[in-house]
>>> print(open('protein_30.cif').read())   # mmCIF, C-alpha atoms
data_protein
loop_
_atom_site.label_atom_id
_atom_site.label_comp_id
_atom_site.auth_asym_id
_atom_site.auth_seq_id
_atom_site.Cartn_x
_atom_site.Cartn_y
_atom_site.Cartn_z
CA MET A 1 -56.98 16.34 -30.77
CA ARG A 2 -56.28 18.91 -33.43
CA CYS A 3 -55.33 18.26 -37.05
CA ASP A 4 -51.81 19.61 -36.45
CA ASP A 5 -51.24 17.14 -33.61
CA VAL A 6 -52.47 14.27 -35.74
CA ALA A 7 -50.40 15.36 -38.75
CA ALA A 8 -47.25 15.25 -36.62
CA LEU A 9 -47.98 11.63 -35.66
CA LEU A 10 -48.97 10.27 -39.06
CA PRO A 11 -45.42 9.52 -40.36
CA GLU A 12 -45.00 7.26 -37.35
CA LEU A 13 -48.45 5.74 -37.22
CA VAL A 14 -48.89 4.97 -40.91
CA ASP A 15 -47.24 1.54 -40.58
CA SER A 16 -47.14 1.15 -36.82
CA ASP A 17 -48.62 -1.89 -35.08
CA THR A 18 -49.45 0.14 -32.00
CA ARG A 19 -52.91 1.71 -32.02
CA HIS A 20 -53.45 5.32 -31.07
CA LEU A 21 -57.12 5.58 -30.20
CA ALA A 22 -57.27 9.36 -29.95
CA VAL A 23 -55.76 9.69 -33.42
CA GLU A 24 -58.06 7.03 -34.84
CA ARG A 25 -61.10 8.80 -33.39
CA HIS A 26 -59.99 12.10 -34.92
CA VAL A 27 -59.22 10.60 -38.32
CA ASP A 28 -62.59 8.85 -38.41
CA ARG A 29 -64.30 12.24 -38.20
CA CYS A 30 -61.84 14.43 -40.15
CA LEU A 31 -61.75 14.33 -43.94
CA LYS A 32 -58.56 16.39 -44.08
CA CYS A 33 -56.65 13.92 -41.88
CA GLN A 34 -58.13 10.97 -43.74
CA ALA A 35 -56.70 12.43 -46.93
CA GLU A 36 -53.31 12.96 -45.25
CA LEU A 37 -53.24 9.37 -44.01
CA ALA A 38 -54.15 8.13 -47.49
CA ARG A 39 -51.24 10.13 -48.90
CA TYR A 40 -48.78 8.61 -46.45
CA ARG A 41 -50.04 5.13 -47.30
CA LYS A 42 -49.65 5.88 -50.99
CA LEU A 43 -46.14 7.19 -50.36
CA LEU A 44 -45.20 3.97 -48.55
CA ARG A 45 -46.68 1.81 -51.32
CA THR A 46 -44.73 3.77 -53.90
CA MET A 47 -41.50 3.31 -51.97
CA GLN A 48 -42.12 -0.43 -51.72
CA GLN A 49 -42.50 -0.50 -55.50
CA LEU A 50 -39.11 1.17 -55.86
CA ARG A 51 -37.60 -2.07 -54.54
CA LEU A 52 -38.65 -3.80 -57.75
CA HIS A 53 -37.11 -1.15 -59.97
CA THR A 54 -33.45 -1.90 -60.49
CA LEU A 55 -31.03 0.74 -61.72
CA GLU A 56 -28.46 -0.46 -64.24
CA PRO A 57 -24.91 0.67 -63.61
CA ALA A 58 -22.90 2.07 -66.50
CA PRO A 59 -21.33 -0.54 -68.78
CA GLY A 60 -18.01 -1.76 -67.45
CA PHE A 61 -19.03 -1.74 -63.82
CA LEU A 62 -19.14 -5.54 -63.51
CA ALA A 63 -15.75 -5.95 -65.21
CA GLN A 64 -14.21 -3.26 -62.98
CA THR A 65 -15.62 -4.92 -59.87
CA LEU A 66 -14.26 -8.34 -60.83
CA THR A 67 -10.88 -6.78 -61.64
CA ALA A 68 -10.84 -4.98 -58.28
CA LEU A 69 -11.59 -8.28 -56.52
CA ALA A 70 -8.79 -10.04 -58.39
CA ALA A 71 -6.34 -7.22 -57.61
CA ASP A 72 -7.32 -7.28 -53.96
CA GLY A 73 -6.79 -11.05 -53.87
CA GLU A 74 -3.32 -10.65 -55.39
CA ARG A 75 -2.38 -7.89 -52.96
CA ARG A 76 -3.46 -10.00 -50.01
CA ALA A 77 -1.60 -13.05 -51.33
CA ALA A 78 1.56 -10.96 -51.81
CA ARG A 79 1.14 -9.54 -48.32
CA SER A 80 0.83 -12.98 -46.78
CA VAL A 81 3.93 -14.20 -48.68
CA LEU A 82 5.85 -11.16 -47.40
CA ALA A 83 4.57 -11.76 -43.89
CA GLY A 84 5.69 -15.41 -44.17
CA ARG A 85 9.15 -14.36 -45.40
CA ARG A 86 9.44 -11.82 -42.61
CA LEU A 87 8.61 -14.54 -40.14
CA ALA A 88 11.20 -16.85 -41.70
CA TYR A 89 13.87 -14.10 -41.62
CA ALA A 90 13.02 -13.27 -38.04
CA GLY A 91 13.24 -16.97 -37.17
CA ALA A 92 16.58 -17.34 -38.90
CA ILE A 93 18.03 -14.25 -37.22
CA GLY A 94 16.66 -15.32 -33.86
CA GLY A 95 18.02 -18.84 -34.31
CA THR A 96 21.46 -17.54 -35.27
CA ALA A 97 21.51 -15.23 -32.26
CA VAL A 98 20.53 -18.06 -29.93
CA ALA A 99 23.17 -20.36 -31.45
CA ALA A 100 25.86 -17.66 -31.15
CA THR A 101 24.94 -17.00 -27.54
CA ALA A 102 25.03 -20.71 -26.75
CA ALA A 103 28.44 -21.11 -28.43
CA THR A 104 29.88 -18.14 -26.53
CA ALA A 105 28.54 -19.51 -23.26
CA ALA A 106 30.04 -22.93 -24.02
CA VAL A 107 33.46 -21.40 -24.76
CA LEU A 108 33.37 -19.35 -21.55
CA ILE A 109 32.33 -22.35 -19.48
CA ALA A 110 35.12 -24.48 -21.03
CA ARG A 111 37.68 -21.79 -20.33
CA SER A 112 36.60 -21.38 -16.71
CA ARG A 113 36.76 -25.16 -16.23
CA ARG A 114 40.30 -25.31 -17.69
CA ARG A 115 41.36 -22.49 -15.36
CA ALA A 116 39.83 -24.29 -12.41
CA LEU A 117 41.67 -27.52 -13.33
CA LYS A 118 45.02 -25.66 -13.68
CA LEU A 119 44.59 -24.09 -10.26
CA ALA A 120 43.67 -27.48 -8.74
CA GLY A 121 46.69 -29.15 -10.44
CA MET B 1 -24.89 -24.20 -59.20
CA ASP B 2 -27.47 -22.52 -56.97
CA GLU B 3 -26.71 -19.66 -54.61
CA VAL B 4 -26.16 -21.87 -51.55
CA GLU B 5 -23.62 -24.01 -53.42
CA LEU B 6 -21.85 -20.95 -54.76
CA VAL B 7 -21.63 -19.44 -51.28
CA ALA B 8 -20.25 -22.71 -49.87
CA ALA B 9 -17.65 -22.87 -52.64
CA ALA B 10 -16.70 -19.23 -52.10
CA GLN B 11 -16.29 -19.93 -48.39
CA ASP B 12 -13.79 -22.64 -49.35
CA GLY B 13 -11.80 -19.97 -51.21
CA ASP B 14 -13.21 -20.51 -54.71
CA ARG B 15 -12.90 -17.09 -56.35
CA GLU B 16 -14.72 -18.21 -59.49
CA ALA B 17 -17.75 -19.07 -57.35
CA PHE B 18 -17.65 -15.64 -55.72
CA ASP B 19 -17.32 -13.97 -59.13
CA GLU B 20 -20.49 -15.80 -60.18
CA LEU B 21 -22.27 -14.46 -57.08
CA VAL B 22 -21.15 -10.97 -58.10
CA ARG B 23 -22.50 -11.50 -61.62
CA ARG B 24 -25.87 -12.57 -60.21
CA THR B 25 -26.24 -9.75 -57.68
CA TYR B 26 -24.38 -6.70 -58.98
CA VAL B 27 -27.44 -4.90 -60.40
CA ASP B 28 -29.31 -5.20 -57.09
CA THR B 29 -26.26 -4.16 -55.08
CA PHE B 30 -25.64 -1.20 -57.35
CA THR B 31 -29.33 -0.21 -57.13
CA LEU B 32 -29.21 -0.16 -53.33
CA ALA B 33 -25.92 1.75 -53.35
CA ARG B 34 -27.37 4.23 -55.85
CA ARG B 35 -30.46 4.79 -53.70
CA LEU B 36 -28.36 5.18 -50.56
CA THR B 37 -25.82 7.59 -52.02
CA GLY B 38 -28.11 9.51 -54.35
CA ASN B 39 -25.63 9.51 -57.22
CA GLU B 40 -24.05 7.06 -59.64
CA GLU B 41 -20.39 7.81 -59.05
CA ASP B 42 -20.52 7.23 -55.30
CA ALA B 43 -22.75 4.20 -55.85
CA ARG B 44 -20.08 2.51 -57.99
CA ASP B 45 -17.46 3.00 -55.28
CA VAL B 46 -19.79 1.81 -52.53
CA ALA B 47 -20.89 -1.29 -54.44
CA GLN B 48 -17.28 -2.25 -55.22
CA GLU B 49 -16.27 -1.72 -51.61
CA ALA B 50 -19.22 -3.89 -50.52
CA TYR B 51 -18.02 -6.77 -52.73
CA LEU B 52 -14.46 -6.48 -51.45
CA ARG B 53 -15.74 -6.65 -47.89
CA ALA B 54 -18.07 -9.52 -48.73
CA TRP B 55 -15.20 -11.54 -50.25
CA ARG B 56 -12.97 -10.89 -47.25
CA GLY B 57 -15.77 -11.74 -44.84
CA ILE B 58 -17.51 -14.58 -46.71
CA GLY B 59 -16.25 -17.02 -44.07
CA LYS B 60 -18.34 -15.22 -41.47
CA PHE B 61 -21.58 -15.62 -43.46
CA ARG B 62 -23.58 -18.16 -41.46
CA GLY B 63 -26.31 -18.79 -43.99
CA ASP B 64 -29.16 -18.03 -41.59
CA ALA B 65 -30.28 -15.25 -43.95
CA GLN B 66 -30.18 -15.04 -47.73
CA PHE B 67 -26.85 -14.08 -49.28
CA SER B 68 -28.53 -11.02 -50.82
CA THR B 69 -29.78 -9.85 -47.41
CA TRP B 70 -26.30 -10.23 -45.96
CA LEU B 71 -24.91 -8.30 -48.93
CA TYR B 72 -27.48 -5.52 -48.44
CA ARG B 73 -26.31 -5.06 -44.88
CA ILE B 74 -22.69 -4.88 -45.99
CA THR B 75 -23.65 -2.37 -48.68
CA ALA B 76 -25.53 -0.24 -46.14
CA ASN B 77 -22.53 -0.27 -43.83
CA ALA B 78 -20.08 0.45 -46.68
CA SER B 79 -22.27 3.33 -47.82
CA ASN B 80 -22.42 4.79 -44.33
CA ASN B 81 -18.63 4.68 -43.95
CA TYR B 82 -18.06 5.98 -47.47
CA MET B 83 -20.40 8.94 -47.00
CA ARG B 84 -18.80 9.72 -43.65
CA ARG B 85 -15.38 9.85 -45.32
CA GLN B 86 -16.78 12.00 -48.12
CA ARG B 87 -18.31 14.38 -45.58
CA ARG B 88 -14.86 15.12 -44.17
CA HIS B 89 -13.76 16.32 -47.59
CA ARG B 90 -16.89 18.28 -48.44
CA SER B 91 -18.08 21.34 -46.59
CA MET B 92 -21.75 20.68 -47.33
CA PRO B 93 -24.30 21.38 -44.60
CA LEU B 94 -25.61 18.03 -43.37
CA ASP B 95 -29.23 19.01 -43.31
CA GLU B 96 -29.26 20.73 -46.65
CA PHE B 97 -32.49 19.94 -48.40
CA ASN B 98 -33.30 21.12 -51.85
CA ASP B 99 -36.35 20.49 -53.93
CA PRO B 100 -35.73 17.71 -56.41
CA PRO B 101 -34.66 19.08 -59.80
CA GLU B 102 -37.73 17.47 -61.36
CA LEU B 103 -39.95 19.57 -59.11
CA ARG B 104 -38.49 22.94 -60.01
CA GLY B 105 -41.04 24.13 -62.49
CA GLU B 106 -40.58 21.33 -64.99
CA THR B 107 -43.84 19.82 -66.20
CA GLN B 108 -44.36 16.10 -66.66
CA PRO B 109 -45.82 14.94 -69.96
CA GLU B 110 -49.60 15.11 -69.70
CA ALA B 111 -50.02 11.56 -70.88
CA MET B 112 -48.03 10.16 -67.98
CA ALA B 113 -50.20 8.29 -65.50
CA GLU B 114 -50.44 9.71 -61.98
CA ALA B 115 -48.95 6.60 -60.42
CA SER B 116 -45.96 6.71 -62.69
CA GLU B 117 -45.54 10.41 -62.04
CA LEU B 118 -45.72 9.87 -58.30
CA PHE B 119 -43.14 7.10 -58.64
CA ASP B 120 -40.70 9.41 -60.41
CA ARG B 121 -41.31 12.20 -57.92
CA VAL B 122 -40.76 9.98 -54.92
CA SER B 123 -37.63 8.51 -56.47
CA ALA B 124 -36.23 11.99 -57.17
CA ALA B 125 -37.25 13.31 -53.75
CA ILE B 126 -35.44 10.43 -52.03
CA ASP B 127 -32.25 11.32 -53.91
CA GLU B 128 -32.52 14.86 -52.60
CA LEU B 129 -33.09 13.98 -48.95
CA PRO B 130 -30.25 14.73 -46.54
CA GLU B 131 -27.99 11.71 -46.46
CA LYS B 132 -28.84 10.62 -42.91
CA LEU B 133 -32.56 10.62 -43.64
CA ARG B 134 -32.14 9.03 -47.06
CA GLN B 135 -30.20 6.06 -45.70
CA VAL B 136 -32.86 5.17 -43.16
CA VAL B 137 -35.89 5.63 -45.39
CA VAL B 138 -34.31 3.58 -48.20
CA LEU B 139 -33.32 0.73 -45.89
CA ARG B 140 -36.66 0.68 -44.09
CA ASP B 141 -39.35 1.70 -46.55
CA VAL B 142 -37.78 0.51 -49.79
CA TYR B 143 -35.81 -2.55 -48.61
CA GLY B 144 -37.88 -3.48 -45.56
CA MET B 145 -34.96 -3.82 -43.14
CA THR B 146 -35.77 -3.87 -39.43
CA HIS B 147 -35.00 -0.87 -37.26
CA GLU B 148 -32.55 -3.06 -35.34
CA SER B 149 -30.56 -4.02 -38.46
CA ILE B 150 -30.55 -0.43 -39.66
CA GLY B 151 -29.27 0.73 -36.29
CA GLU B 152 -26.46 -1.84 -36.37
CA GLU B 153 -25.29 -1.05 -39.89
CA LEU B 154 -25.46 2.72 -39.52
CA ALA B 155 -24.05 2.63 -35.98
CA ILE B 156 -27.02 4.47 -34.48
CA SER B 157 -29.62 3.56 -31.87
CA VAL B 158 -32.99 2.09 -32.80
CA ALA B 159 -34.65 5.22 -31.44
CA ALA B 160 -32.48 7.42 -33.67
CA ALA B 161 -33.32 5.23 -36.67
CA LYS B 162 -37.03 5.71 -35.98
CA VAL B 163 -36.75 9.46 -35.52
CA ARG B 164 -34.84 9.78 -38.79
CA LEU B 165 -37.40 7.61 -40.57
CA HIS B 166 -40.32 9.74 -39.45
CA ARG B 167 -38.52 12.95 -40.41
CA ALA B 168 -37.71 11.48 -43.81
CA ARG B 169 -41.30 10.44 -44.44
CA ARG B 170 -42.58 13.87 -43.45
CA LYS B 171 -40.12 15.61 -45.78
CA LEU B 172 -40.94 13.28 -48.65
CA HIS B 173 -44.65 13.77 -48.05
CA ASP B 174 -44.27 17.55 -47.97
CA VAL B 175 -42.10 17.76 -51.08
CA VAL B 176 -44.00 15.25 -53.19
CA TYR B 177 -47.50 16.39 -52.35
CA THR B 178 -46.81 20.11 -52.10
CA ALA B 179 -45.44 19.92 -55.62
CA PHE B 180 -48.49 17.95 -56.75
CA THR B 181 -50.89 20.41 -55.13
CA ASN B 182 -49.05 23.46 -56.46
CA GLU B 183 -49.00 22.05 -59.95
CA GLY B 184 -52.68 21.19 -59.73
CA SER B 185 -53.69 24.63 -58.47
CA SER B 186 -51.52 26.45 -61.02
CA GLU B 187 -53.12 24.40 -63.78
CA GLU B 188 -56.54 25.29 -62.35
CA GLY B 189 -55.51 28.93 -62.19
CA ASN B 190 -54.42 28.84 -65.81
CA ALA B 191 -57.70 27.25 -66.80
CA HIS B 192 -59.63 29.99 -65.05
CA ALA B 193 -57.48 32.69 -66.68
CA VAL B 194 -58.27 31.21 -70.08
#
>>> encode(input="protein_30.cif", output="structure tokens")
Amino acid sequence: MRCDDVAALLPELVDSDTRHLAVERHVDRCLKCQAELARYRKLLRTMQQLRLHTLEPAPGFLAQTLTALAADGERRAARSVLAGRRLAYAGAIGGTAVAATAATAAVLIARSRRRALKLAG
Amino acid sequence: MDEVELVAAAQDGDREAFDELVRRTYVDTFTLARRLTGNEEDARDVAQEAYLRAWRGIGKFRGDAQFSTWLYRITANASNNYMRRQRRHRSMPLDEFNDPPELRGETQPEAMAEASELFDRVSAAIDELPEKLRQVVVLRDVYGMTHESIGEELAISVAAAKVRLHRARRKLHDVVYTAFTNEGSSEEGNAHAV
């Protein structure tokens, strides 16, 4: 294996559980690749340390976030009230329509019965 | 109240409990958002969006992971969606990669320890990575997320997550150490000239 081939594999192999014997053999004998591998390991360690370094947001961020949450809650509550009202209106309109249809049907049936009785009499 | 109790209360609709969770986690959430987006302004939007989503979806949190881990995943997903929306409005090449500002000829104070200098360089170089590479390297190498989780939150395959990670590491390595080497050799050159 050549150094270039090994260098291309190091970003993958630096924290991989799988062993690559050809690479290991090369690195064991090559000071340049040993140094490269050490750099990658150092890079990874440094990135893991970044996890412990928190970055403070600008003042006011927490208050803005809590306000945004409250506003979102209010919007959703208002939306659900509106949705409930819409449902109630739809129910009322539907109920009225059903009642009107039933009344009309009843009148028509009564009329047709009266007519039938007159004809029979 | 501890975190578990606060989460349980929030799941019952207690907004005060959720607000307390926000107070306890906002610095960490902002930090992740800042590292994922590479700038403060976007990070604020992403972190706020993450909390809105977390509040709306708190009922789905099963408690099999820590609340903070669950929140990290939401933040990663929110960041991905946010940056995708931003991309539509910006005509920036996706793979644009510039040297970090700190590496453009500015010298670090001599007294600064090498480790601390490396830390600053890596941090700056991550900010300057192309967005797709930055997301993966931050979630994997800084926050230790699995490739599977990263794939789910960024809506990419595990294989794609791995490829991006290796590309990111290579770019970081090249930028950070090339700058180190160049600085070292120019200092040597100056010493010889003197």
>>> closest_residue(input="protein_30.cif", among="B:His147, B:Lys60, B:Arg23, B:Arg84", to="chain A", atoms="all atoms listed in the file")
B:Arg23
>>> atom_distance(input="protein_30.cif", atom1="atom CA of Tyr72 of chain B", atom2="atom CA of Thr29 of chain B")
6.9 Å
>>> residues_around(input="protein_30.cif", residues="Asp28 of chain B", least_positions_apart="3", cutoff="9 Å", atoms="only C-alpha atoms", output="PDB file with C-alpha atoms, in the coordinates of the input")
ATOM      1  CA  THR A  54     -33.450  -1.900 -60.490  1.00  0.00           C
ATOM      2  CA  LEU A  55     -31.030   0.740 -61.720  1.00  0.00           C
ATOM      3  CA  GLU A  56     -28.460  -0.460 -64.240  1.00  0.00           C
TER       4      GLU A  56
ATOM      5  CA  ARG B  24     -25.870 -12.570 -60.210  1.00  0.00           C
ATOM      6  CA  THR B  25     -26.240  -9.750 -57.680  1.00  0.00           C
ATOM      7  CA  THR B  31     -29.330  -0.210 -57.130  1.00  0.00           C
ATOM      8  CA  LEU B  32     -29.210  -0.160 -53.330  1.00  0.00           C
ATOM      9  CA  ALA B  33     -25.920   1.750 -53.350  1.00  0.00           C
ATOM     10  CA  SER B  68     -28.530 -11.020 -50.820  1.00  0.00           C
ATOM     11  CA  TYR B  72     -27.480  -5.520 -48.440  1.00  0.00           C
TER      12      TYR B  72
END
>>> atom_distance(input="protein_30.cif", atom1="atom CA of Ala47 of chain B", atom2="atom CA of Ser80 of chain A")
25.8 Å
>>> residues_around(input="protein_30.cif", residues="Gln48 of chain A", least_positions_apart="3", cutoff="7 Å", atoms="all atoms listed in the file", output="PDB file with C-alpha atoms, in the coordinates of the input")
ATOM      1  CA  LEU A  44     -45.200   3.970 -48.550  1.00  0.00           C
ATOM      2  CA  ARG A  45     -46.680   1.810 -51.320  1.00  0.00           C
ATOM      3  CA  ARG A  51     -37.600  -2.070 -54.540  1.00  0.00           C
TER       4      ARG A  51
ATOM      5  CA  ASP B 141     -39.350   1.700 -46.550  1.00  0.00           C
ATOM      6  CA  VAL B 142     -37.780   0.510 -49.790  1.00  0.00           C
TER       7      VAL B 142
END
>>> resolve_selection(input="protein_30.cif", expression="the PyMOL selection byres ((chain A) within 8 of (chain B))", output="list in words")
Pro11, Glu12, Arg39, Tyr40, Leu43, Leu44, Thr46, Met47, Gln48, Gln49, Leu50, Arg51, Thr54, Leu55, Glu56, Pro57, Phe61, Leu62, Thr65, Leu66, Ala68, Leu69 and Asp72 of chain A
